[in-house]
>>> print(open('model.pdb').read())   # PDB, C-alpha atoms, pLDDT in the B column
MODEL        1
ATOM      1  CA  MET B  29       0.836 -36.693   2.352  1.00 96.00           C
ATOM      2  CA  LYS B  30      -1.927 -35.200   0.224  1.00 98.00           C
ATOM      3  CA  GLN B  31      -2.213 -31.525  -0.694  1.00 98.00           C
ATOM      4  CA  ILE B  32      -5.128 -29.664  -2.211  1.00 98.00           C
ATOM      5  CA  ILE B  33      -5.174 -26.176  -3.635  1.00 98.00           C
ATOM      6  CA  LEU B  34      -8.671 -24.715  -3.777  1.00 98.00           C
ATOM      7  CA  MET B  35      -8.995 -21.634  -5.979  1.00 98.00           C
ATOM      8  CA  ARG B  36     -12.235 -19.789  -6.435  1.00 97.00           C
ATOM      9  CA  HIS B  37     -12.812 -18.233  -9.834  1.00 97.00           C
ATOM     10  CA  GLY B  38     -12.060 -14.552 -10.353  1.00 96.00           C
ATOM     11  CA  LYS B  39     -14.668 -11.794 -10.195  1.00 96.00           C
ATOM     12  CA  SER B  40     -17.253 -12.434 -12.888  1.00 95.00           C
ATOM     13  CA  SER B  41     -19.369 -10.078 -14.935  1.00 92.00           C
ATOM     14  CA  TRP B  42     -23.134  -9.829 -14.814  1.00 90.00           C
ATOM     15  CA  ASP B  43     -23.135  -7.444 -17.803  1.00 90.00           C
ATOM     16  CA  TYR B  44     -24.133 -10.088 -20.341  1.00 91.00           C
ATOM     17  CA  ASP B  45     -27.380 -11.940 -20.867  1.00 92.00           C
ATOM     18  CA  VAL B  46     -25.836 -15.406 -20.671  1.00 92.00           C
ATOM     19  CA  SER B  47     -26.369 -18.542 -18.610  1.00 94.00           C
ATOM     20  CA  ASP B  48     -24.571 -18.876 -15.275  1.00 93.00           C
ATOM     21  CA  LYS B  49     -22.043 -21.295 -16.787  1.00 95.00           C
ATOM     22  CA  ASP B  50     -21.210 -18.802 -19.541  1.00 95.00           C
ATOM     23  CA  ARG B  51     -20.571 -15.722 -17.386  1.00 95.00           C
ATOM     24  CA  PRO B  52     -17.120 -14.288 -18.181  1.00 95.00           C
ATOM     25  CA  LEU B  53     -14.537 -12.751 -15.889  1.00 96.00           C
ATOM     26  CA  LYS B  54     -14.439  -9.024 -15.324  1.00 96.00           C
ATOM     27  CA  GLU B  55     -11.115  -7.275 -15.958  1.00 96.00           C
ATOM     28  CA  ARG B  56     -10.606  -7.167 -12.175  1.00 96.00           C
ATOM     29  CA  GLY B  57     -11.103 -10.953 -12.058  1.00 96.00           C
ATOM     30  CA  ILE B  58      -8.453 -11.476 -14.723  1.00 97.00           C
ATOM     31  CA  ASN B  59      -5.982  -9.158 -12.980  1.00 97.00           C
ATOM     32  CA  ASP B  60      -6.604 -10.706  -9.542  1.00 97.00           C
ATOM     33  CA  ALA B  61      -6.158 -14.241 -10.921  1.00 97.00           C
ATOM     34  CA  HIS B  62      -2.779 -13.274 -12.431  1.00 97.00           C
ATOM     35  CA  MET B  63      -1.695 -11.640  -9.163  1.00 97.00           C
ATOM     36  CA  VAL B  64      -2.659 -14.648  -7.026  1.00 97.00           C
ATOM     37  CA  ALA B  65      -1.130 -17.177  -9.452  1.00 97.00           C
ATOM     38  CA  LYS B  66       2.169 -15.274  -9.618  1.00 96.00           C
ATOM     39  CA  THR B  67       2.340 -14.938  -5.823  1.00 96.00           C
ATOM     40  CA  PHE B  68       1.463 -18.589  -5.250  1.00 96.00           C
ATOM     41  CA  GLY B  69       3.974 -19.613  -7.932  1.00 94.00           C
ATOM     42  CA  LEU B  70       6.844 -18.158  -5.903  1.00 94.00           C
ATOM     43  CA  HIS B  71       6.524 -21.001  -3.362  1.00 91.00           C
ATOM     44  CA  ALA B  72       4.198 -23.470  -5.084  1.00 92.00           C
ATOM     45  CA  PRO B  73       4.569 -27.181  -4.490  1.00 94.00           C
ATOM     46  CA  SER B  74       4.859 -29.433  -7.510  1.00 96.00           C
ATOM     47  CA  ILE B  75       1.274 -29.953  -8.704  1.00 98.00           C
ATOM     48  CA  ASP B  76       0.402 -33.373 -10.114  1.00 98.00           C
ATOM     49  CA  PHE B  77      -2.931 -32.472 -11.702  1.00 98.00           C
ATOM     50  CA  ILE B  78      -5.324 -29.538 -12.103  1.00 98.00           C
ATOM     51  CA  TYR B  79      -9.100 -29.825 -12.407  1.00 98.00           C
ATOM     52  CA  SER B  80     -11.601 -27.099 -13.224  1.00 98.00           C
ATOM     53  CA  SER B  81     -15.313 -26.542 -13.206  1.00 98.00           C
ATOM     54  CA  PRO B  82     -16.654 -26.166 -16.767  1.00 98.00           C
ATOM     55  CA  ALA B  83     -18.050 -22.693 -15.970  1.00 98.00           C
ATOM     56  CA  ASN B  84     -16.388 -20.046 -18.140  1.00 97.00           C
ATOM     57  CA  ARG B  85     -15.243 -17.964 -15.139  1.00 97.00           C
ATOM     58  CA  ALA B  86     -13.590 -20.948 -13.416  1.00 98.00           C
ATOM     59  CA  LEU B  87     -12.053 -22.276 -16.623  1.00 98.00           C
ATOM     60  CA  HIS B  88     -10.603 -18.865 -17.509  1.00 98.00           C
ATOM     61  CA  THR B  89      -9.184 -18.506 -13.979  1.00 98.00           C
ATOM     62  CA  SER B  90      -7.599 -21.956 -14.206  1.00 98.00           C
ATOM     63  CA  MET B  91      -6.007 -21.115 -17.576  1.00 98.00           C
ATOM     64  CA  ILE B  92      -4.458 -17.963 -16.093  1.00 98.00           C
ATOM     65  CA  PHE B  93      -3.046 -20.107 -13.279  1.00 97.00           C
ATOM     66  CA  VAL B  94      -1.795 -22.776 -15.724  1.00 97.00           C
ATOM     67  CA  ARG B  95      -0.029 -20.163 -17.867  1.00 96.00           C
ATOM     68  CA  ASN B  96       1.585 -18.394 -14.922  1.00 96.00           C
ATOM     69  CA  LEU B  97       2.911 -21.678 -13.514  1.00 95.00           C
ATOM     70  CA  GLU B  98       3.849 -22.997 -16.989  1.00 95.00           C
ATOM     71  CA  PHE B  99       1.858 -26.106 -16.126  1.00 96.00           C
ATOM     72  CA  ASP B 100       1.648 -29.074 -18.521  1.00 96.00           C
ATOM     73  CA  LEU B 101      -1.864 -29.086 -20.034  1.00 96.00           C
ATOM     74  CA  SER B 102      -1.773 -32.863 -20.422  1.00 97.00           C
ATOM     75  CA  LYS B 103      -2.278 -32.908 -16.639  1.00 98.00           C
ATOM     76  CA  PHE B 104      -5.398 -30.746 -16.769  1.00 98.00           C
ATOM     77  CA  ASN B 105      -9.036 -31.758 -16.964  1.00 98.00           C
ATOM     78  CA  VAL B 106     -12.478 -30.165 -16.805  1.00 98.00           C
ATOM     79  CA  THR B 107     -15.122 -31.951 -14.758  1.00 97.00           C
ATOM     80  CA  ASN B 108     -18.802 -31.201 -14.216  1.00 97.00           C
ATOM     81  CA  GLN B 109     -18.527 -32.374 -10.596  1.00 97.00           C
ATOM     82  CA  LEU B 110     -16.737 -29.110  -9.766  1.00 98.00           C
ATOM     83  CA  TYR B 111     -19.683 -27.010 -10.951  1.00 97.00           C
ATOM     84  CA  ASP B 112     -21.012 -27.255  -7.414  1.00 96.00           C
ATOM     85  CA  PHE B 113     -22.004 -24.617  -4.906  1.00 93.00           C
ATOM     86  CA  SER B 114     -22.740 -26.748  -1.814  1.00 94.00           C
ATOM     87  CA  GLY B 115     -19.416 -28.588  -1.646  1.00 93.00           C
ATOM     88  CA  ASN B 116     -20.947 -32.082  -1.628  1.00 96.00           C
ATOM     89  CA  SER B 117     -20.040 -32.920  -5.221  1.00 97.00           C
ATOM     90  CA  VAL B 118     -16.553 -31.387  -4.881  1.00 97.00           C
ATOM     91  CA  GLU B 119     -15.901 -33.395  -1.718  1.00 97.00           C
ATOM     92  CA  GLN B 120     -17.018 -36.639  -3.392  1.00 97.00           C
ATOM     93  CA  PHE B 121     -14.805 -35.838  -6.387  1.00 98.00           C
ATOM     94  CA  VAL B 122     -11.724 -35.195  -4.227  1.00 98.00           C
ATOM     95  CA  LYS B 123     -12.241 -38.314  -2.121  1.00 97.00           C
ATOM     96  CA  LYS B 124     -12.235 -40.427  -5.309  1.00 98.00           C
ATOM     97  CA  LEU B 125      -9.016 -38.964  -6.752  1.00 98.00           C
ATOM     98  CA  ASP B 126      -6.291 -41.351  -7.861  1.00 97.00           C
ATOM     99  CA  ASN B 127      -3.992 -41.966  -4.882  1.00 98.00           C
ATOM    100  CA  ARG B 128      -0.961 -41.718  -7.176  1.00 98.00           C
ATOM    101  CA  LEU B 129      -1.678 -37.967  -7.219  1.00 98.00           C
ATOM    102  CA  SER B 130      -0.214 -36.225  -4.195  1.00 98.00           C
ATOM    103  CA  THR B 131      -0.981 -32.585  -4.962  1.00 98.00           C
ATOM    104  CA  VAL B 132      -3.968 -31.330  -6.924  1.00 98.00           C
ATOM    105  CA  ALA B 133      -5.404 -27.903  -7.641  1.00 98.00           C
ATOM    106  CA  ILE B 134      -9.107 -27.443  -8.252  1.00 98.00           C
ATOM    107  CA  PHE B 135     -10.923 -24.403  -9.601  1.00 98.00           C
ATOM    108  CA  GLY B 136     -14.533 -23.800  -8.730  1.00 98.00           C
ATOM    109  CA  HIS B 137     -17.105 -21.876  -6.791  1.00 97.00           C
ATOM    110  CA  ASN B 138     -18.444 -20.638  -3.490  1.00 96.00           C
ATOM    111  CA  TYR B 139     -20.129 -21.567  -1.136  1.00 96.00           C
ATOM    112  CA  ALA B 140     -18.454 -24.910  -1.826  1.00 97.00           C
ATOM    113  CA  PHE B 141     -14.865 -23.712  -1.451  1.00 98.00           C
ATOM    114  CA  THR B 142     -15.399 -21.715   1.741  1.00 98.00           C
ATOM    115  CA  SER B 143     -17.246 -24.672   3.257  1.00 97.00           C
ATOM    116  CA  LEU B 144     -14.525 -27.166   2.298  1.00 98.00           C
ATOM    117  CA  ALA B 145     -11.681 -24.851   3.358  1.00 98.00           C
ATOM    118  CA  ASN B 146     -13.308 -24.657   6.789  1.00 98.00           C
ATOM    119  CA  THR B 147     -14.118 -28.385   6.941  1.00 97.00           C
ATOM    120  CA  TRP B 148     -10.664 -29.548   5.874  1.00 98.00           C
ATOM    121  CA  GLY B 149      -8.399 -26.735   7.053  1.00 98.00           C
ATOM    122  CA  ASP B 150      -7.457 -25.637  10.544  1.00 97.00           C
ATOM    123  CA  GLN B 151      -8.031 -21.889  10.085  1.00 97.00           C
ATOM    124  CA  TYR B 152     -11.508 -20.414   9.926  1.00 97.00           C
ATOM    125  CA  ILE B 153     -12.170 -18.417   6.766  1.00 97.00           C
ATOM    126  CA  GLU B 154     -15.301 -16.297   6.736  1.00 97.00           C
ATOM    127  CA  ASN B 155     -15.351 -16.223   2.947  1.00 97.00           C
ATOM    128  CA  VAL B 156     -12.947 -17.366   0.245  1.00 98.00           C
ATOM    129  CA  PRO B 157     -13.049 -14.298  -2.017  1.00 97.00           C
ATOM    130  CA  THR B 158     -13.081 -14.333  -5.794  1.00 97.00           C
ATOM    131  CA  ALA B 159      -9.621 -15.370  -7.053  1.00 97.00           C
ATOM    132  CA  GLY B 160      -8.859 -16.541  -3.507  1.00 98.00           C
ATOM    133  CA  LEU B 161      -6.584 -19.544  -3.053  1.00 98.00           C
ATOM    134  CA  VAL B 162      -6.412 -21.893  -0.058  1.00 98.00           C
ATOM    135  CA  HIS B 163      -3.680 -24.563   0.192  1.00 98.00           C
ATOM    136  CA  ILE B 164      -4.373 -27.413   2.627  1.00 98.00           C
ATOM    137  CA  THR B 165      -2.158 -30.372   3.504  1.00 98.00           C
ATOM    138  CA  PHE B 166      -3.251 -33.726   4.930  1.00 98.00           C
ATOM    139  CA  GLY B 167      -1.163 -36.311   6.760  1.00 97.00           C
ATOM    140  CA  VAL B 168      -2.739 -39.269   4.942  1.00 97.00           C
ATOM    141  CA  ASP B 169      -1.827 -41.303   1.865  1.00 97.00           C
ATOM    142  CA  GLU B 170      -5.341 -41.810   0.493  1.00 98.00           C
ATOM    143  CA  TRP B 171      -7.725 -39.128  -0.730  1.00 98.00           C
ATOM    144  CA  SER B 172     -10.666 -41.062   0.704  1.00 97.00           C
ATOM    145  CA  LYS B 173      -9.223 -40.537   4.198  1.00 97.00           C
ATOM    146  CA  ILE B 174      -8.853 -36.765   4.175  1.00 96.00           C
ATOM    147  CA  LEU B 175     -10.727 -35.238   7.097  1.00 94.00           C
ATOM    148  CA  GLU B 176      -8.752 -32.635   8.987  1.00 95.00           C
ATOM    149  CA  GLY B 177      -5.773 -30.955   7.425  1.00 98.00           C
ATOM    150  CA  THR B 178      -3.513 -27.987   7.953  1.00 98.00           C
ATOM    151  CA  THR B 179      -4.160 -24.721   6.154  1.00 98.00           C
ATOM    152  CA  LYS B 180      -0.698 -24.114   4.771  1.00 97.00           C
ATOM    153  CA  GLN B 181      -1.399 -20.830   3.045  1.00 95.00           C
ATOM    154  CA  MET B 182      -4.073 -18.468   1.851  1.00 97.00           C
ATOM    155  CA  VAL B 183      -3.495 -16.089  -1.030  1.00 96.00           C
ATOM    156  CA  PHE B 184      -6.270 -13.516  -1.342  1.00 97.00           C
ATOM    157  CA  PRO B 185      -6.184 -10.565  -3.770  1.00 95.00           C
ATOM    158  CA  LYS B 186      -6.949  -7.969  -1.087  1.00 93.00           C
ATOM    159  CA  HIS B 187      -3.790  -8.981   0.799  1.00 89.00           C
ATOM    160  CA  LEU B 188      -1.671  -8.422  -2.313  1.00 90.00           C
ATOM    161  CA  LYS B 189      -2.966  -4.992  -3.290  1.00 79.00           C
ATOM    162  CA  LYS B 190      -1.198  -1.899  -2.049  1.00 64.00           C
TER     163      LYS B 190
ENDMDL
END
>>> encode(input="model.pdb", output="structure tokens")
Amino acid sequence: MKQIILMRHGKSSWDYDVSDKDRPLKERGINDAHMVAKTFGLHAPSIDFIYSSPANRALHTSMIFVRNLEFDLSKFNVTNQLYDFSGNSVEQFVKKLDNRLSTVAIFGHNYAFTSLANTWGDQYIENVPTAGLVHITFGVDEWSKILEGTTKQMVFPKHLKK
């Protein structure tokens, strides 16, 4: 069985005159990422590896997740293939993952993550929100064979706020 955890970066700030890759998280994005990571951590599967887009907002979100789950940074990598908005590059990346990895988490962007959550999962999601997490399982042993999976859980900030 293969499992993928898709997490969209937290809410980013447009207050700075920086490139898209350098946009930082807003305070809300930081807080939401902590909230989602802590909630997911209560019932998280054992994660074999975590990958992040190199964009500041995705990388910062992934580091919040890593810290909350006390994840081993030697099993973490940044890859340009996840700086993708269509989903094509992310899908190619996932399908080429090492089959010794059973469960991976990836941090990136929309529209890619909403598209892939709907392609791979069995529950329609209109939009994966910022700091939104979607966990999908697949009944196959090779990443190249993932097609249709089961949406095991969704953790969205708006569902956690009182």
>>> resolve_selection(input="model.pdb", expression="the PyMOL selection byres ((chain B and resi 189) around 12)", output="ChimeraX atom specification")
/B:56,59-60,63-64,67,183-188,190
>>> residues_around(input="model.pdb", residues="segment 29-43 of chain B", least_positions_apart="5", cutoff="6 Å", atoms="all atoms listed in the file", output="PyMOL selection string")
chain B and resi 52-54+57+61+85-86+89+130-137+158-169
>>> write_last_selection(input="model.pdb", atoms="C-alpha atoms", output="compact mmCIF listing (two decimals), keeping the file's coordinate frame")
# COMPACT_ATOMS: atom_id res chain seq x y z
CA PRO B 52 -17.12 -14.29 -18.18
CA LEU B 53 -14.54 -12.75 -15.89
CA LYS B 54 -14.44 -9.02 -15.32
CA GLY B 57 -11.10 -10.95 -12.06
CA ALA B 61 -6.16 -14.24 -10.92
CA ARG B 85 -15.24 -17.96 -15.14
CA ALA B 86 -13.59 -20.95 -13.42
CA THR B 89 -9.18 -18.51 -13.98
CA SER B 130 -0.21 -36.22 -4.20
CA THR B 131 -0.98 -32.58 -4.96
CA VAL B 132 -3.97 -31.33 -6.92
CA ALA B 133 -5.40 -27.90 -7.64
CA ILE B 134 -9.11 -27.44 -8.25
CA PHE B 135 -10.92 -24.40 -9.60
CA GLY B 136 -14.53 -23.80 -8.73
CA HIS B 137 -17.10 -21.88 -6.79
CA THR B 158 -13.08 -14.33 -5.79
CA ALA B 159 -9.62 -15.37 -7.05
CA GLY B 160 -8.86 -16.54 -3.51
CA LEU B 161 -6.58 -19.54 -3.05
CA VAL B 162 -6.41 -21.89 -0.06
CA HIS B 163 -3.68 -24.56 0.19
CA ILE B 164 -4.37 -27.41 2.63
CA THR B 165 -2.16 -30.37 3.50
CA PHE B 166 -3.25 -33.73 4.93
CA GLY B 167 -1.16 -36.31 6.76
CA VAL B 168 -2.74 -39.27 4.94
CA ASP B 169 -1.83 -41.30 1.86
>>> atom_distance(input="model.pdb", atom1="atom CA of Leu129 of chain B", atom2="atom CA of Ala65 of chain B")
20.9 Å
>>> residues_around(input="model.pdb", residues="Leu144 of chain B", least_positions_apart="4", cutoff="10 Å", atoms="all atoms listed in the file", output="list in words")
Leu34, Ser114, Gly115, Asn116, Val118, Glu119, Asn138, Tyr139, Ala140, Trp148, Gly149 and Val162 of chain B
>>> closest_residue(input="model.pdb", among="B:Ile92, B:Leu87, B:Leu101, B:Ile153", to="Gln181 of chain B", atoms="all atoms listed in the file")
B:Ile153
>>> residues_around(input="model.pdb", residues="Tyr79 of chain B", least_positions_apart="6", cutoff="6 Å", atoms="all atoms listed in the file", output="list in words")
Phe104, Asn105, Val106 and Ile134 of chain B
>>> closest_residue(input="model.pdb", among="B:His62, B:Glu154, B:Ala72, B:Asn108", to="Phe121 of chain B", atoms="all atoms listed in the file")
B:Asn108
>>> axis_aligned_box(input="model.pdb", around="segment 115-121 of chain B", padding_each_side="6 Å", output="lines of an AutoDock Vina configuration file")
center_x = -17.9
center_y = -32.6
center_z = -4.0
size_x = 18.1
size_y = 20.1
size_z = 16.8
>>> build_atoms(input="model.pdb", residues="segment 36-47 of chain B", atoms="N, CA and C atoms", output="CSV table (one decimal), in the coordinates of the input")
chain,number,residue,atom,x,y,z
B,36,ARG,N,-10.9,-20.3,-6.0
B,36,ARG,CA,-12.2,-19.8,-6.4
B,36,ARG,C,-12.0,-18.9,-7.7
B,37,HIS,N,-12.9,-19.0,-8.6
B,37,HIS,CA,-12.8,-18.2,-9.8
B,37,HIS,C,-12.7,-16.7,-9.5
B,38,GLY,N,-12.2,-16.0,-10.5
B,38,GLY,CA,-12.1,-14.6,-10.4
B,38,GLY,C,-13.4,-13.9,-10.4
B,39,LYS,N,-13.4,-12.6,-10.2
B,39,LYS,CA,-14.7,-11.8,-10.2
B,39,LYS,C,-15.3,-11.9,-11.6
B,40,SER,N,-16.6,-12.3,-11.6
B,40,SER,CA,-17.3,-12.4,-12.9
B,40,SER,C,-18.2,-11.3,-13.2
B,41,SER,N,-18.5,-11.2,-14.5
B,41,SER,CA,-19.4,-10.1,-14.9
B,41,SER,C,-20.8,-10.5,-15.0
B,42,TRP,N,-21.7,-9.6,-14.7
B,42,TRP,CA,-23.1,-9.8,-14.8
B,42,TRP,C,-23.7,-9.0,-15.9
B,43,ASP,N,-22.8,-8.4,-16.8
B,43,ASP,CA,-23.1,-7.4,-17.8
B,43,ASP,C,-23.7,-8.1,-19.1
B,44,TYR,N,-23.7,-9.4,-19.1
B,44,TYR,CA,-24.1,-10.1,-20.3
B,44,TYR,C,-25.3,-11.0,-20.0
B,45,ASP,N,-26.2,-11.1,-21.0
B,45,ASP,CA,-27.4,-11.9,-20.9
B,45,ASP,C,-27.0,-13.4,-21.3
B,46,VAL,N,-26.3,-14.0,-20.4
B,46,VAL,CA,-25.8,-15.4,-20.7
B,46,VAL,C,-26.2,-16.3,-19.5
B,47,SER,N,-26.1,-17.6,-19.7
B,47,SER,CA,-26.4,-18.5,-18.6
B,47,SER,C,-25.3,-18.4,-17.6
